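Below: final07.cif (mmCIF, C-alpha atoms)
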```cif
data_work
loop_
_atom_site.group_PDB
_atom_site.id
_atom_site.type_symbol
_atom_site.label_atom_id
_atom_site.label_comp_id
_atom_site.auth_asym_id
_atom_site.auth_seq_id
_atom_site.Cartn_x
_atom_site.Cartn_y
_atom_site.Cartn_z
ATOM 1 C CA MET A 566 2.959 21.268 -6.768
ATOM 2 C CA GLY A 567 -0.631 20.743 -5.607
ATOM 3 C CA GLU A 568 -1.159 24.381 -4.679
ATOM 4 C CA LYS A 569 1.051 26.342 -7.052
ATOM 5 C CA ILE A 570 1.163 24.346 -10.299
ATOM 6 C CA GLU A 571 -1.606 21.744 -10.691
ATOM 7 C CA PRO A 572 -4.540 24.205 -10.610
ATOM 8 C CA TYR A 573 -3.149 25.870 -13.754
ATOM 9 C CA LEU A 574 -2.323 22.766 -15.776
ATOM 10 C CA GLY A 575 -4.498 22.086 -18.813
ATOM 11 C CA LYS A 576 -6.418 25.375 -18.654
ATOM 12 C CA ASP A 577 -6.226 26.085 -22.404
ATOM 13 C CA GLN A 578 -5.528 22.576 -23.647
ATOM 14 C CA PRO A 579 -4.870 19.137 -22.154
ATOM 15 C CA VAL A 580 -1.391 18.726 -20.651
ATOM 16 C CA PHE A 581 0.583 15.540 -20.171
ATOM 17 C CA LEU A 582 3.320 15.509 -17.541
ATOM 18 C CA CYS A 583 5.906 12.819 -18.151
ATOM 19 C CA ASP A 584 9.501 11.871 -17.420
ATOM 20 C CA TYR A 585 9.049 11.905 -13.659
ATOM 21 C CA PRO A 586 12.147 11.305 -11.547
ATOM 22 C CA VAL A 587 12.226 7.691 -10.342
ATOM 23 C CA SER A 588 11.988 9.023 -6.772
ATOM 24 C CA MET A 589 8.465 10.300 -7.612
ATOM 25 C CA ALA A 590 7.296 6.982 -9.027
ATOM 26 C CA ALA A 591 7.745 4.274 -6.408
ATOM 27 C CA LEU A 592 6.056 1.493 -8.381
ATOM 28 C CA ALA A 593 7.123 2.523 -11.905
ATOM 29 C CA ARG A 594 9.936 0.981 -13.896
ATOM 30 C CA PRO A 595 12.795 3.196 -15.044
ATOM 31 C CA LYS A 596 12.961 4.310 -18.664
ATOM 32 C CA PRO A 597 15.481 2.200 -20.615
ATOM 33 C CA GLU A 598 17.012 5.273 -22.262
ATOM 34 C CA ASP A 599 17.452 7.165 -18.979
ATOM 35 C CA PRO A 600 17.101 5.170 -15.732
ATOM 36 C CA ARG A 601 16.902 8.387 -13.676
ATOM 37 C CA LEU A 602 13.387 8.823 -15.111
ATOM 38 C CA ALA A 603 10.309 6.660 -14.705
ATOM 39 C CA GLU A 604 7.824 5.378 -17.268
ATOM 40 C CA ARG A 605 5.013 7.492 -15.836
ATOM 41 C CA PHE A 606 2.615 10.177 -17.044
ATOM 42 C CA GLU A 607 -0.290 12.227 -15.752
ATOM 43 C CA LEU A 608 -2.983 13.981 -17.801
ATOM 44 C CA TYR A 609 -4.408 17.330 -16.646
ATOM 45 C CA ILE A 610 -7.446 19.146 -17.996
ATOM 46 C CA CYS A 611 -8.770 22.392 -16.476
ATOM 47 C CA GLY A 612 -6.513 22.032 -13.451
ATOM 48 C CA TYR A 613 -7.609 18.478 -12.642
ATOM 49 C CA GLU A 614 -5.587 15.302 -12.851
ATOM 50 C CA LEU A 615 -7.620 12.878 -14.953
ATOM 51 C CA ALA A 616 -5.074 10.117 -15.522
ATOM 52 C CA ASN A 617 -2.038 8.748 -13.751
ATOM 53 C CA ALA A 618 -0.381 5.805 -15.454
ATOM 54 C CA PHE A 619 2.948 4.030 -15.433
ATOM 55 C CA GLY A 620 4.834 0.942 -16.487
ATOM 56 C CA GLU A 621 4.914 -1.440 -13.518
ATOM 57 C CA LEU A 622 8.277 -2.132 -11.908
ATOM 58 C CA THR A 623 8.568 -5.930 -11.888
ATOM 59 C CA ASP A 624 12.164 -6.240 -10.643
ATOM 60 C CA PRO A 625 11.760 -7.558 -7.063
ATOM 61 C CA ASP A 626 15.227 -6.500 -5.903
ATOM 62 C CA GLU A 627 14.804 -2.941 -7.181
ATOM 63 C CA GLN A 628 11.304 -2.678 -5.710
ATOM 64 C CA GLU A 629 12.491 -3.926 -2.314
ATOM 65 C CA ARG A 630 15.413 -1.471 -2.368
ATOM 66 C CA ARG A 631 13.035 1.407 -3.155
ATOM 67 C CA PHE A 632 10.652 0.409 -0.363
ATOM 68 C CA LYS A 633 13.528 0.214 2.132
ATOM 69 C CA ASP A 634 14.921 3.574 0.987
ATOM 70 C CA ASP A 635 11.465 5.143 1.388
ATOM 71 C CA MET A 636 11.152 3.742 4.913
ATOM 72 C CA ASP A 637 14.642 5.000 5.796
ATOM 73 C CA MET A 638 13.550 8.481 4.701
ATOM 74 C CA LYS A 639 10.273 8.188 6.645
ATOM 75 C CA GLN A 640 12.235 7.148 9.737
ATOM 76 C CA LYS A 641 14.571 10.112 9.330
ATOM 77 C CA ILE A 642 11.767 12.653 8.805
ATOM 78 C CA TYR A 643 8.941 11.325 11.001
ATOM 79 C CA GLY A 644 10.662 8.909 13.364
ATOM 80 C CA GLU A 645 8.568 5.940 12.240
ATOM 81 C CA ARG A 646 8.581 3.242 9.599
ATOM 82 C CA TYR A 647 6.374 0.480 8.285
ATOM 83 C CA PRO A 648 7.445 -3.006 7.265
ATOM 84 C CA VAL A 649 8.140 -3.672 3.613
ATOM 85 C CA ASP A 650 5.270 -5.590 1.997
ATOM 86 C CA ALA A 651 6.919 -9.026 1.862
ATOM 87 C CA ASP A 652 3.922 -10.595 0.086
ATOM 88 C CA PHE A 653 4.191 -8.063 -2.730
ATOM 89 C CA ILE A 654 7.938 -8.671 -3.123
ATOM 90 C CA ALA A 655 7.293 -12.437 -3.102
ATOM 91 C CA ALA A 656 4.696 -12.012 -5.857
ATOM 92 C CA LEU A 657 7.246 -10.121 -7.942
ATOM 93 C CA ARG A 658 9.773 -12.916 -7.370
ATOM 94 C CA PHE A 659 7.182 -15.407 -8.591
ATOM 95 C CA GLY A 660 7.350 -13.699 -11.956
ATOM 96 C CA MET A 661 4.889 -10.877 -12.469
ATOM 97 C CA PRO A 662 4.643 -10.156 -16.226
ATOM 98 C CA GLU A 663 5.328 -6.697 -17.554
ATOM 99 C CA SER A 664 2.248 -4.533 -17.254
ATOM 100 C CA ALA A 665 1.123 -0.918 -17.208
ATOM 101 C CA GLY A 666 -1.908 1.047 -16.267
#
```
Kindly return the structure encoded in the file as structure tokens.
Amino acid sequence: MGEKIEPYLGKDQPVFLCDYPVSMAALARPKPEDPRLAERFELYICGYELANAFGELTDPDEQERRFKDDMDMKQKIYGERYPVDADFIAALRFGMPESAG
């Protein structure tokens, strides 16, 4: 993507990429109408990414599952893993309000 596609995005006009697969948006909440996709977009102008925004995933169980799945994949590919950020999951359990940015 970085070598073959991004340099050509937004050459003639600004381009928004949206409807990313959830697997490409680790911290984004799924779209209510299609949970396979994430509430995420990126803006490109003249081949440069100028914005990357998403609706924050605030479900602690889903976030923890995603982190663990990512570490399982890292272990499989690279033979290493990092601990899940327990403080972040605890903050979500405390009741983080819906947010985006």
Once the PyMOL selection byres ((chain A and resi 617-619) around 6) has been evaluated on this model, what residues remain selected, and can you format them as a VMD selection string? chain A and resid 593 604 to 607 616 620 665 to 666
Any chance you could work out the residue set of the PyMOL selection byres ((chain A and resi 589) around 12) here, as a ChimeraX atom specification? /A:583-588,590-595,601-606,619,631,635
Selection: 10 Å around Pro579 in chain A, all atoms listed in the file, excl. self and same-chain fewer than 2 positions, as a list in words: Leu574, Gly575, Lys576, Asp577, Phe581, Leu608, Tyr609, Ile610, Cys611, Gly612, Tyr613 and Leu615 of chain A
List as a PyMOL selection string the protein and nucleic acid residues near range 645-660 of chain A, meaning an atom at most 12 Å away when only C-alpha atoms are counted, but skip any in the same chain fewer than 3 places from it. chain A and resi 592+621-642+663-664
Emit as JSON the padded axis-aligned box for all listed atoms of range 636-647 of chain A, 4 Å per side, with centre and edge lengths in Å to one decimal.
```
{"center_x": 10.5, "center_y": 6.6, "center_z": 9.0, "size_x": 16.3, "size_y": 20.2, "size_z": 16.7}
```
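CA of Val580 in chain A to CA of Asp599 in chain A spans 22.2 Å [interatomic distance, one decimal].
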